[in-house]
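**Q** This is the structure, below, for whatever I ask next.
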Amino acid sequence: MSRNDFRIACHIGTRTSLYLLQSGLVPCIHTGKRTRCYKIAKADVAAYLRRRMTEPEHYAPPSGWYKNYPQRKPPAVSLTRTLDYEIISRLLLRRHLEHQLADAPDVLTVEQIARFTGYTPHTVSRWCTEGRLRTIQRRPRFIVPKIWLLDYLVSDDYNRITRKSGTHYAMIAAVAPKPRKPRKKP
């Protein structure tokens, strides 16, 4: 089924359907075409509809998702898709990222960073141009040491990105503390 068929079947808007497919909350295949690029299995749509009935907050877009559309109201239930950065959280995240980047070279190009973070090379170049991600060489190609990349990936600036990539969500899920169940009083 296409994205438009998915949107109509689920009674959701265009931006919401894009969020669900791009974030990986609804499994799909991206064919790489410019139009009609998503293929969604009907079983996945059915699973989405069942879970949406019981857990609607799981599929709510993060605050700021509809930011470019002033006519729209913000979502009723917004999920916090960021980490609460305490010293321990930063250390755990950094250790997790160092483990993932262990086989990577000491100096990375924009394309290598884009593959690792899940963002496009254009977005990574913009981070470098704006000075958000420190670089050694400016033009024609940006070169970033692995240590500076790790510093940026655990920074608040990287954590505040509104439209996160699927890889970024996976990173948050990997190191986010699991909620504790309250203890019963005797």
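Chain identifiers are assigned as A, B, and so on, following the order in which chains appear in the structure tokens; residues are numbered from 1 within each chain, and ligands are numbered from 1 in order of appearance.
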Any idea what's packed within 12 Å of segment 119-135 of chain A, counting only C-alpha atoms, ignoring anything in its chain fewer than 3 positions away? Could you give it as number ranges by chain?
**A** A: 22-23, 107-116, 138-158, 161, 163-169
**Q** Restricting the output to C-alpha atoms, write the selected residues as a compact mmCIF listing (two decimals), in the first residue's frame.
**A**
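Saved the output as result.txt:
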# COMPACT_ATOMS: atom_id res chain seq x y z
CA GLN A 22 10.22 8.29 8.55
CA SER A 23 10.64 7.56 12.25
CA VAL A 107 39.03 11.40 11.17
CA LEU A 108 35.63 11.20 9.45
CA THR A 109 34.16 12.77 6.33
CA VAL A 110 30.67 14.21 5.99
CA GLU A 111 29.47 11.09 4.17
CA GLN A 112 30.74 8.79 6.95
CA ILE A 113 29.09 10.95 9.62
CA ALA A 114 25.83 10.96 7.63
CA ARG A 115 25.84 7.15 7.44
CA PHE A 116 26.51 6.87 11.18
CA ARG A 138 36.52 23.76 5.90
CA ARG A 139 36.28 23.61 2.12
CA PRO A 140 36.00 21.75 -0.27
CA ARG A 141 35.41 18.85 2.15
CA PHE A 142 34.79 18.93 5.86
CA ILE A 143 36.92 16.62 8.01
CA VAL A 144 35.90 15.93 11.61
CA PRO A 145 37.95 14.09 14.26
CA LYS A 146 36.08 11.28 15.99
CA ILE A 147 36.46 12.94 19.41
CA TRP A 148 34.80 16.17 18.19
CA LEU A 149 31.97 14.13 16.67
CA LEU A 150 31.43 12.34 20.00
CA ASP A 151 31.36 15.71 21.79
CA TYR A 152 28.67 16.93 19.40
CA LEU A 153 26.59 13.74 19.62
CA VAL A 154 26.29 14.05 23.41
CA SER A 155 25.68 17.82 23.32
CA ASP A 156 22.36 19.51 24.06
CA ASP A 157 22.39 21.01 20.55
CA TYR A 158 22.25 17.56 18.93
CA ILE A 161 16.91 18.40 16.99
CA ARG A 163 12.97 15.95 13.46
CA LYS A 164 15.30 13.20 14.49
CA SER A 165 16.47 10.43 12.19
CA GLY A 166 15.58 6.80 12.86
CA THR A 167 19.17 6.18 13.94
CA HIS A 168 18.93 9.06 16.42
CA TYR A 169 15.75 7.57 17.92
**Q** Enumerate, as JSON, numbers by chain, the complete set of residues in segment 7-176 of chain A that a backbone-based DSSP assignment places in helix (DSSP H, G or I).
**A** {"A": [7, 8, 9, 10, 14, 15, 16, 17, 18, 19, 20, 21, 22, 42, 43, 44, 45, 46, 47, 48, 49, 50, 51, 52, 53, 54, 56, 57, 58, 59, 87, 88, 89, 90, 91, 92, 93, 94, 95, 96, 97, 98, 99, 100, 110, 111, 112, 113, 114, 115, 116, 117, 121, 122, 123, 124, 125, 126, 127, 128, 129, 130, 146, 147, 148, 149, 150, 151, 152, 153, 156, 157, 158, 159, 166, 167, 168, 169, 170, 171, 172, 173, 174, 175]}
**Q** Might you pull out every residue within 10 Å of Asn4 of chain A, with only C-alpha atoms counted and same-chain residues fewer than 6 positions away left off, and present them as a list in words?
**A**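 The neighbour list is Cys10, Ile12, Gly13, Thr14, Ser17, Leu18, Arg36 and Tyr38 of chain A.
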**Q** As a PyMOL selection string, please: the residues near His11 of chain A (cut-off 12 Å, only C-alpha atoms, same-chain neighbours under 6 positions excluded).
**A** chain A and resi 3-5+17+45+49+52
**Q** Would you put the residues from that selection into a file with all heavy atoms, as a PDB file, in the first residue's frame?
**A**
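Produced file again.pdb, reproduced below:
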ATOM      1  N   ARG A   3       1.782   5.455   0.621  1.00  0.00           N
ATOM      2  CA  ARG A   3       1.623   6.354   1.766  1.00  0.00           C
ATOM      3  C   ARG A   3       0.247   7.007   1.754  1.00  0.00           C
ATOM      4  O   ARG A   3      -0.388   7.172   2.802  1.00  0.00           O
ATOM      5  CB  ARG A   3       2.708   7.423   1.778  1.00  0.00           C
ATOM      6  CG  ARG A   3       2.592   8.356   2.985  1.00  0.00           C
ATOM      7  CD  ARG A   3       3.682   9.386   3.024  1.00  0.00           C
ATOM      8  NE  ARG A   3       3.717  10.235   1.868  1.00  0.00           N
ATOM      9  CZ  ARG A   3       2.969  11.339   1.716  1.00  0.00           C
ATOM     10  NH1 ARG A   3       2.127  11.705   2.651  1.00  0.00           N
ATOM     11  NH2 ARG A   3       3.071  12.064   0.634  1.00  0.00           N
ATOM     12  N   ASN A   4      -0.232   7.398   0.587  1.00  0.00           N
ATOM     13  CA  ASN A   4      -1.542   8.031   0.512  1.00  0.00           C
ATOM     14  C   ASN A   4      -2.656   7.058   0.906  1.00  0.00           C
ATOM     15  O   ASN A   4      -3.585   7.427   1.622  1.00  0.00           O
ATOM     16  CB  ASN A   4      -1.782   8.590  -0.890  1.00  0.00           C
ATOM     17  CG  ASN A   4      -2.908   9.593  -0.916  1.00  0.00           C
ATOM     18  OD1 ASN A   4      -3.042  10.383   0.010  1.00  0.00           O
ATOM     19  ND2 ASN A   4      -3.711   9.546  -1.950  1.00  0.00           N
ATOM     20  N   ASP A   5      -2.551   5.808   0.461  1.00  0.00           N
ATOM     21  CA  ASP A   5      -3.536   4.793   0.861  1.00  0.00           C
ATOM     22  C   ASP A   5      -3.485   4.566   2.374  1.00  0.00           C
ATOM     23  O   ASP A   5      -4.516   4.426   3.034  1.00  0.00           O
ATOM     24  CB  ASP A   5      -3.278   3.469   0.141  1.00  0.00           C
ATOM     25  CG  ASP A   5      -3.470   3.572  -1.366  1.00  0.00           C
ATOM     26  OD1 ASP A   5      -4.227   4.460  -1.808  1.00  0.00           O
ATOM     27  OD2 ASP A   5      -2.849   2.773  -2.091  1.00  0.00           O
ATOM     28  N   SER A  17       1.476  11.044   8.652  1.00  0.00           N
ATOM     29  CA  SER A  17       1.889   9.811   7.969  1.00  0.00           C
ATOM     30  C   SER A  17       3.382   9.845   7.661  1.00  0.00           C
ATOM     31  O   SER A  17       4.067   8.833   7.798  1.00  0.00           O
ATOM     32  CB  SER A  17       1.074   9.597   6.695  1.00  0.00           C
ATOM     33  OG  SER A  17       1.354  10.591   5.737  1.00  0.00           O
ATOM     34  N   VAL A  45       0.005  -2.059   8.792  1.00  0.00           N
ATOM     35  CA  VAL A  45      -1.037  -1.051   8.999  1.00  0.00           C
ATOM     36  C   VAL A  45      -2.026  -1.543  10.053  1.00  0.00           C
ATOM     37  O   VAL A  45      -2.420  -0.804  10.955  1.00  0.00           O
ATOM     38  CB  VAL A  45      -1.756  -0.714   7.672  1.00  0.00           C
ATOM     39  CG1 VAL A  45      -2.928   0.215   7.916  1.00  0.00           C
ATOM     40  CG2 VAL A  45      -0.782  -0.099   6.687  1.00  0.00           C
ATOM     41  N   LEU A  49      -2.864   0.182  13.671  1.00  0.00           N
ATOM     42  CA  LEU A  49      -4.210   0.567  14.103  1.00  0.00           C
ATOM     43  C   LEU A  49      -4.580  -0.076  15.437  1.00  0.00           C
ATOM     44  O   LEU A  49      -5.180   0.570  16.299  1.00  0.00           O
ATOM     45  CB  LEU A  49      -5.239   0.208  13.031  1.00  0.00           C
ATOM     46  CG  LEU A  49      -5.193   1.087  11.774  1.00  0.00           C
ATOM     47  CD1 LEU A  49      -6.111   0.528  10.703  1.00  0.00           C
ATOM     48  CD2 LEU A  49      -5.542   2.520  12.100  1.00  0.00           C
ATOM     49  N   ARG A  52      -2.495   1.682  18.115  1.00  0.00           N
ATOM     50  CA  ARG A  52      -2.916   3.069  18.276  1.00  0.00           C
ATOM     51  C   ARG A  52      -4.161   3.155  19.162  1.00  0.00           C
ATOM     52  O   ARG A  52      -4.341   4.121  19.892  1.00  0.00           O
ATOM     53  CB  ARG A  52      -3.186   3.705  16.915  1.00  0.00           C
ATOM     54  CG  ARG A  52      -3.485   5.196  17.008  1.00  0.00           C
ATOM     55  CD  ARG A  52      -3.688   5.805  15.669  1.00  0.00           C
ATOM     56  NE  ARG A  52      -4.999   5.425  15.151  1.00  0.00           N
ATOM     57  CZ  ARG A  52      -5.515   5.890  14.028  1.00  0.00           C
ATOM     58  NH1 ARG A  52      -4.832   6.726  13.278  1.00  0.00           N
ATOM     59  NH2 ARG A  52      -6.705   5.509  13.624  1.00  0.00           N
TER      60      ARG A  52
END
**Q** So, with only C-alpha atoms as the atoms that count, which of A:Leu92, A:Leu97, A:Met1, A:Ile8 lies closest to Pro27 of chain A?
**A**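 Ranking A:Leu92, A:Leu97, A:Met1, A:Ile8 by distance to Pro27 of chain A, first place goes to A:Met1.
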